[in-house]
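In what follows, a single structure is set out as structure tokens and then discussed.
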Amino acid sequence: MTTAESILKKHHLRVTQFRLDVISIFTSAGRALASHDIEEKLHDADRITLYRTLKSFEDKGIIHKAIDGTLTQKFALCEAQCNEHHHHDEHVHFHCLKCENTFCMDHVYVPKVVLPSGFTAEQTNMIVNGVCESCS
Ligand SMILES: [Zn+2]
Ligand SMILES: [Zn+2]
Ligand SMILES: [Zn+2]
């Protein structure tokens with residue numbers, strides 16, 4: 001079984017060639033991808049199908065939004081413990097100012113933020129802007 005196939009099975013999604021292709025694009029990219037990045041790599045990109053696929057992957061805990069402070073919505077593969085009910089991607093996202101790529105800093109966690117009473121955090125995002133490994 002390929003990595004893409006085992007990811008789909010683990011998250012209880014039916015294995016289709018389209019889904020396999022999209023996951024493979026993510027696993028080989030090594031960075032966060034916007035939907036147009038994925039469209040470019042697919043041979044017969046149907047925008048609606050891709051949109052639905054990304055949405056269901058996000059719902060199932062396969063991908064998460066890699067918030068990088070730009071206007072482009074990007075997604076990246078989740079950490080292994082994400083599932084349908086909860087995402088655990090509390091890591092830092094790094095945005096390169098030169099190549100504009102966004103990377104998950106998988107082992108760099110967002111520090112706990114102490115909020116005033118009455119405020120409850122649901123999600124905390126942290127973006128670091130700078131120069132990535134390949135641009136420096
Ligand atoms: Zn996740
Ligand atoms: Zn870069
Ligand atoms: Zn991430």
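How things are named: the first chain in the structure tokens is A, the next is B, and so on; residues count from 1 in each chain; ligands count from 1 in the order shown.
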
Item to complete: Collect all residues with atoms no farther than 9 Å from ligand 3, counting only C-alpha atoms and all ligand atoms, and output them as a list in words.
Response: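 With only C-alpha atoms and all ligand atoms and a cut-off of 9 Å, ligand 3 is contacted by Arg31, Ala32, Ile63, His64, Lys65, Ala66, Ile67, Phe75, Ala76, Leu77, Cys78, Glu79, Asp89, Glu90, His91, Val92, His93, Phe94, Thr102, Phe103, Cys104, Met105 and Asp106 of chain A.
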
Discussion item. According to DSSP computed on the backbone, where in region 34-110 of chain A is there helix (DSSP H, G or I)? Give the residues as a list in words.
Written reply: Ser35, His36, Asp37, Ile38, Glu39, Glu40, Lys41, Arg47, Ile48, Thr49, Leu50, Tyr51, Arg52, Thr53, Leu54, Lys55, Ser56, Phe57, Glu58, Asp59 and Lys60 of chain A

Fill in: region 1-16 of chain A surroundings by only C-alpha atoms, 10 Å radius, close-in-sequence under 4 positions cut, as number ranges by chain
A: 20-27, 56-57, 59-62, 80, 82-84

Go ahead and save the picked residues with N, CA, C and O atoms, as an mmCIF file, in the first residue's frame.
```cif
data_model
loop_
_atom_site.group_PDB
_atom_site.id
_atom_site.type_symbol
_atom_site.label_atom_id
_atom_site.label_comp_id
_atom_site.auth_asym_id
_atom_site.auth_seq_id
_atom_site.Cartn_x
_atom_site.Cartn_y
_atom_site.Cartn_z
ATOM 1 N N LEU A 20 -5.873 10.008 -4.450
ATOM 2 C CA LEU A 20 -4.488 9.537 -4.350
ATOM 3 C C LEU A 20 -3.531 10.560 -4.966
ATOM 4 O O LEU A 20 -2.495 10.877 -4.391
ATOM 5 N N ASP A 21 -3.926 11.081 -6.126
ATOM 6 C CA ASP A 21 -3.083 12.062 -6.812
ATOM 7 C C ASP A 21 -2.897 13.313 -5.956
ATOM 8 O O ASP A 21 -1.785 13.830 -5.836
ATOM 9 N N VAL A 22 -3.990 13.793 -5.364
ATOM 10 C CA VAL A 22 -3.909 15.016 -4.566
ATOM 11 C C VAL A 22 -3.011 14.794 -3.347
ATOM 12 O O VAL A 22 -2.137 15.614 -3.042
ATOM 13 N N ILE A 23 -3.160 13.656 -2.672
ATOM 14 C CA ILE A 23 -2.313 13.379 -1.502
ATOM 15 C C ILE A 23 -0.840 13.259 -1.915
ATOM 16 O O ILE A 23 0.035 13.810 -1.254
ATOM 17 N N SER A 24 -0.599 12.588 -3.027
ATOM 18 C CA SER A 24 0.790 12.445 -3.493
ATOM 19 C C SER A 24 1.423 13.798 -3.795
ATOM 20 O O SER A 24 2.612 14.002 -3.543
ATOM 21 N N ILE A 25 0.635 14.716 -4.318
ATOM 22 C CA ILE A 25 1.144 16.059 -4.591
ATOM 23 C C ILE A 25 1.568 16.727 -3.279
ATOM 24 O O ILE A 25 2.641 17.320 -3.187
ATOM 25 N N PHE A 26 0.740 16.554 -2.252
ATOM 26 C CA PHE A 26 1.091 17.111 -0.934
ATOM 27 C C PHE A 26 2.337 16.438 -0.348
ATOM 28 O O PHE A 26 3.225 17.128 0.148
ATOM 29 N N THR A 27 2.391 15.102 -0.409
ATOM 30 C CA THR A 27 3.523 14.418 0.234
ATOM 31 C C THR A 27 4.839 14.750 -0.464
ATOM 32 O O THR A 27 5.866 14.850 0.189
ATOM 33 N N SER A 56 -13.109 17.915 2.059
ATOM 34 C CA SER A 56 -13.299 16.670 2.798
ATOM 35 C C SER A 56 -11.993 16.230 3.465
ATOM 36 O O SER A 56 -12.020 15.705 4.573
ATOM 37 N N PHE A 57 -10.858 16.497 2.855
ATOM 38 C CA PHE A 57 -9.572 16.186 3.496
ATOM 39 C C PHE A 57 -9.409 17.010 4.773
ATOM 40 O O PHE A 57 -8.910 16.528 5.774
ATOM 41 N N ASP A 59 -11.886 18.248 6.614
ATOM 42 C CA ASP A 59 -12.859 17.720 7.586
ATOM 43 C C ASP A 59 -12.376 16.434 8.237
ATOM 44 O O ASP A 59 -12.646 16.184 9.399
ATOM 45 N N LYS A 60 -11.686 15.605 7.483
ATOM 46 C CA LYS A 60 -11.245 14.299 7.983
ATOM 47 C C LYS A 60 -9.919 14.335 8.730
ATOM 48 O O LYS A 60 -9.469 13.316 9.249
ATOM 49 N N GLY A 61 -9.265 15.489 8.746
ATOM 50 C CA GLY A 61 -7.990 15.571 9.466
ATOM 51 C C GLY A 61 -6.783 15.142 8.650
ATOM 52 O O GLY A 61 -5.784 14.692 9.202
ATOM 53 N N ILE A 62 -6.887 15.282 7.320
ATOM 54 C CA ILE A 62 -5.751 14.921 6.460
ATOM 55 C C ILE A 62 -4.900 16.160 6.147
ATOM 56 O O ILE A 62 -3.683 16.105 6.112
ATOM 57 N N ALA A 80 0.230 13.328 12.268
ATOM 58 C CA ALA A 80 -0.391 12.001 12.315
ATOM 59 C C ALA A 80 -1.596 11.903 13.246
ATOM 60 O O ALA A 80 -2.509 11.119 13.003
ATOM 61 N N CYS A 82 -4.012 13.996 13.830
ATOM 62 C CA CYS A 82 -5.243 14.708 13.454
ATOM 63 C C CYS A 82 -6.311 13.707 13.025
ATOM 64 O O CYS A 82 -6.006 12.701 12.394
ATOM 65 N N ASN A 83 -7.541 14.006 13.340
ATOM 66 C CA ASN A 83 -8.636 13.143 12.900
ATOM 67 C C ASN A 83 -9.875 13.980 12.614
ATOM 68 O O ASN A 83 -9.839 15.210 12.644
ATOM 69 N N GLU A 84 -10.945 13.264 12.347
ATOM 70 C CA GLU A 84 -12.196 13.886 11.950
ATOM 71 C C GLU A 84 -12.728 14.880 12.990
ATOM 72 O O GLU A 84 -13.409 15.835 12.666
#
```

Worksheet item: What gap, in Å, lies between CA of Leu42 (chain A) and CA of Val131 (chain A)?
Response: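 CA of Val131 (chain A) lies 28.6 Å from CA of Leu42 (chain A).
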
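Near ligand 2, the residues found within 6 Å are A:Cys96, A:Lys98, A:Cys99, A:Asn101, A:Val131, A:Cys132, A:Ser134, A:Cys135 (criterion computed using only C-alpha atoms and all ligand atoms).
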
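Distances to ligand 1 were evaluated for A:Ser117, A:Thr124, A:Ser136, A:Gln81 using only C-alpha atoms and all ligand atoms, and the minimum falls at A:Gln81.
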
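Using only C-alpha atoms, the smallest distance between any of A:Glu122, A:Asp37, A:Glu133, A:Glu100 and Thr70 (chain A) comes from A:Glu100.
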
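Between CA of His87 (chain A) and CA of Phe18 (chain A) the interatomic distance comes to 23.5 Å.
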
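Shortest atom-to-atom contact with ligand 1 among A:Arg52, A:His85, A:His107, A:Lys112: A:His85, counting only C-alpha atoms and all ligand atoms.
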
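With distances restricted to only C-alpha atoms and all ligand atoms, A:Glu58 is the closest residue to ligand 1 from A:Ala29, A:Asn125, A:Glu58, A:Asp68.
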
Item to complete: Using CA of Arg47 (chain A) and CA of Leu97 (chain A) as the two end points, give the distance in Å to one decimal.
Response: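 Interatomic distance here is 28.0 Å.
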